[in-house]
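Here's the structure we're looking at; comments come further down.
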Amino acid sequence: MLLYLRRDLEQFAVKKWGGLEALDREFERREEEKQRRKEKKYKRSVADLRRRTRADEWEKQRRERLQLESEHEHTFESTGDGEQKCSSCGLEIEVEEF
């Protein structure tokens, strides 16, 4: 493990960035970039949550339209090409055949 003295790091940083003000600007830029990435990740997770919620709501409305009970046992029938369809609710799934 390598350890560096603070003064050596400061000298290197001043040499690389051209001064303490430029070093501060770079630090701020990196902090802003980090915050931007966090916000992007948060927005993505919120969008995913909204999408899943919409899917759940759509499924609930579909059940009401088809007058299905809230829970039922799927009875799948093969439709060919690795796909199966539930005979009572119409749910279609893909099945991998080995």
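The chains in the structure tokens are called A, B, ... from first to last as shown; in each chain the residues are counted from 1, and the ligands are counted from 1 in the order shown.
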**OP:** For stretch 2-10 of chain A, work out the shell of residues within 12 Å, counting only C-alpha atoms and skipping chain neighbours fewer than 2 positions away, then give it as a PyMOL selection string.
**Re:** chain A and resi 12-20+23-24
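With only C-alpha atoms taken into account, the protein and nucleic acid residues at most 12 Å from A:Glu77 (excluding it and anything under 5 positions from it in its own chain) are Gly82, Glu83, Gln84, Lys85, Cys86, Ser87, Ser88, Cys89, Gly90, Leu91, Glu92, Ile93, Glu94 and Val95 of chain A.
Interatomic distance, atom CA of A:Thr79 against atom CA of A:Arg52: 27.2 Å.
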**OP:** Based on DSSP run over this structure's backbone, return all residues of chain A in helix (DSSP H, G or I), as a ChimeraX atom specification.
**Re:** /A:6-17,20-66
